[in-house]
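Notes follow once the structure below has been shown.
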Amino acid sequence: MKDATAGAPPNGAGGRWARPLPAPADVWAVFLQARKRDPHVHVGDVHAPDSEMALVLAKENYARRDPCVSLWVVRAAEIYATTADAAGMFEPATDKSYRFGGSYRQQQRVYRGAWRLSHREEDQ
């Protein structure tokens, strides 16, 4: 008996912002890591009945000529992508203008002006 949640996004992440990518059941996405500090990069797909055969085919097709320290295989049907409706999700939530140097310079001008006013010779 099949699980009712099979094929559903993890943690209820369905709805209007996530959708599964259409793919046959025997297609596996292959991710390769060239060096230890590199990220895993999608290099292609293989057709295989199970994960063990997918790893063997991925090794033969993608790791034979190029450097490789790690391979990942993931059922392509288990990869979810955001929809066009989700574009607002990637916009910054707050104003981060404080990160720019201009606000720092303005703040220093204000502090210097306040210091000059508090240290006038006539007040000494």
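FYI, nothing fancy with the structure tokens labels: chains A, B, ... in order, residues from 1 per chain, ligands from 1 as they appear.
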If you run DSSP on the backbone here, which positions in region 39-83 of chain A get strand (DSSP E)? Please write them as a ChimeraX atom specification.
/A:41-47,70-75,80-82
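Summary of the local environment: counting only C-alpha atoms, residues at most 12 Å from Pro39 (chain A), other than itself and those fewer than 2 positions away along its chain, are Phe31, Leu32, Gln33, Ala34, Arg35, Lys36, Arg37, Val41, His42, Cys68, Val69, Ser70, Leu71 and Trp72 of chain A.
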Keeping N, CA and C atoms, export the residues of the selection given above as a compact mmCIF listing (two decimals), in the first residue's frame.
```txt
# COMPACT_ATOMS: atom_id res chain seq x y z
N PHE A 31 24.72 14.85 -8.51
CA PHE A 31 25.45 16.01 -8.01
C PHE A 31 26.88 15.56 -7.71
N LEU A 32 27.86 16.32 -8.20
CA LEU A 32 29.27 15.96 -8.07
C LEU A 32 30.01 17.02 -7.27
N GLN A 33 30.91 16.58 -6.40
CA GLN A 33 31.79 17.48 -5.65
C GLN A 33 33.21 17.21 -6.13
N ALA A 34 33.83 18.19 -6.78
CA ALA A 34 35.16 17.99 -7.38
C ALA A 34 36.26 17.95 -6.32
N ARG A 35 36.25 18.88 -5.36
CA ARG A 35 37.23 18.91 -4.28
C ARG A 35 36.50 19.02 -2.96
N LYS A 36 37.16 18.73 -1.86
CA LYS A 36 36.51 18.69 -0.55
C LYS A 36 35.80 20.00 -0.19
N ARG A 37 36.37 21.12 -0.54
CA ARG A 37 35.77 22.40 -0.14
C ARG A 37 34.79 22.95 -1.16
N VAL A 41 27.56 20.08 -7.25
CA VAL A 41 27.00 20.74 -8.42
C VAL A 41 26.24 19.71 -9.25
N HIS A 42 25.06 20.10 -9.73
CA HIS A 42 24.29 19.19 -10.58
C HIS A 42 25.02 19.04 -11.92
N CYS A 68 36.76 14.03 -8.71
CA CYS A 68 35.54 13.83 -7.93
C CYS A 68 35.89 13.24 -6.57
N VAL A 69 35.34 13.83 -5.51
CA VAL A 69 35.52 13.27 -4.17
C VAL A 69 34.21 12.76 -3.59
N SER A 70 33.08 13.19 -4.17
CA SER A 70 31.78 12.77 -3.65
C SER A 70 30.72 12.87 -4.73
N LEU A 71 29.80 11.91 -4.73
CA LEU A 71 28.65 11.92 -5.64
C LEU A 71 27.37 11.79 -4.83
N TRP A 72 26.36 12.54 -5.22
CA TRP A 72 25.03 12.39 -4.66
C TRP A 72 24.09 12.01 -5.79
```
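Across the model, the gap from CA of Glu78 (chain A) to CA of Leu21 (chain A) is 7.7 Å.
CA of Glu60 (chain A) to CA of Val27 (chain A) spans 15.9 Å [interatomic distance, one decimal].
Within 12 Å of Asp50 (chain A), once only C-alpha atoms are used and residues closer than 3 positions along the same chain are dropped, the contacting residues are Ala25, Asp26, Val27, Trp28, Val46, His47, Met53, Ala54, Leu55, Val56, Leu57, Val73, Val74 and Arg75 of chain A.
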For region 79-90 of chain A, work out the shell of residues within 7 Å, counting only C-alpha atoms and skipping chain neighbours fewer than 5 positions away, then give it as JSON, numbers by chain.
{"A": [16, 17, 18, 19, 20, 21]}
Please save N, CA and C atoms of the selected residues as a short mmCIF file (atom, residue, chain, number, x, y, z; two decimals), in the first residue's frame.
```
data_model
loop_
_atom_site.label_atom_id
_atom_site.label_comp_id
_atom_site.auth_asym_id
_atom_site.auth_seq_id
_atom_site.Cartn_x
_atom_site.Cartn_y
_atom_site.Cartn_z
N ARG A 16 1.05 27.09 -3.11
CA ARG A 16 1.27 27.90 -4.30
C ARG A 16 2.72 28.28 -4.52
N TRP A 17 3.61 28.00 -3.56
CA TRP A 17 5.00 28.42 -3.76
C TRP A 17 5.95 27.27 -4.06
N ALA A 18 5.51 26.02 -4.00
CA ALA A 18 6.39 24.90 -4.31
C ALA A 18 5.68 23.93 -5.23
N ARG A 19 6.42 23.37 -6.16
CA ARG A 19 5.85 22.38 -7.06
C ARG A 19 6.89 21.33 -7.37
N PRO A 20 6.49 20.07 -7.53
CA PRO A 20 7.45 19.03 -7.90
C PRO A 20 7.82 19.17 -9.37
N LEU A 21 9.03 18.83 -9.70
CA LEU A 21 9.44 18.85 -11.10
C LEU A 21 8.97 17.55 -11.75
#
```
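For the atom pair formed by CA of Ala63 (chain A) and CA of Pro22 (chain A), the distance is 26.1 Å, given to one decimal.
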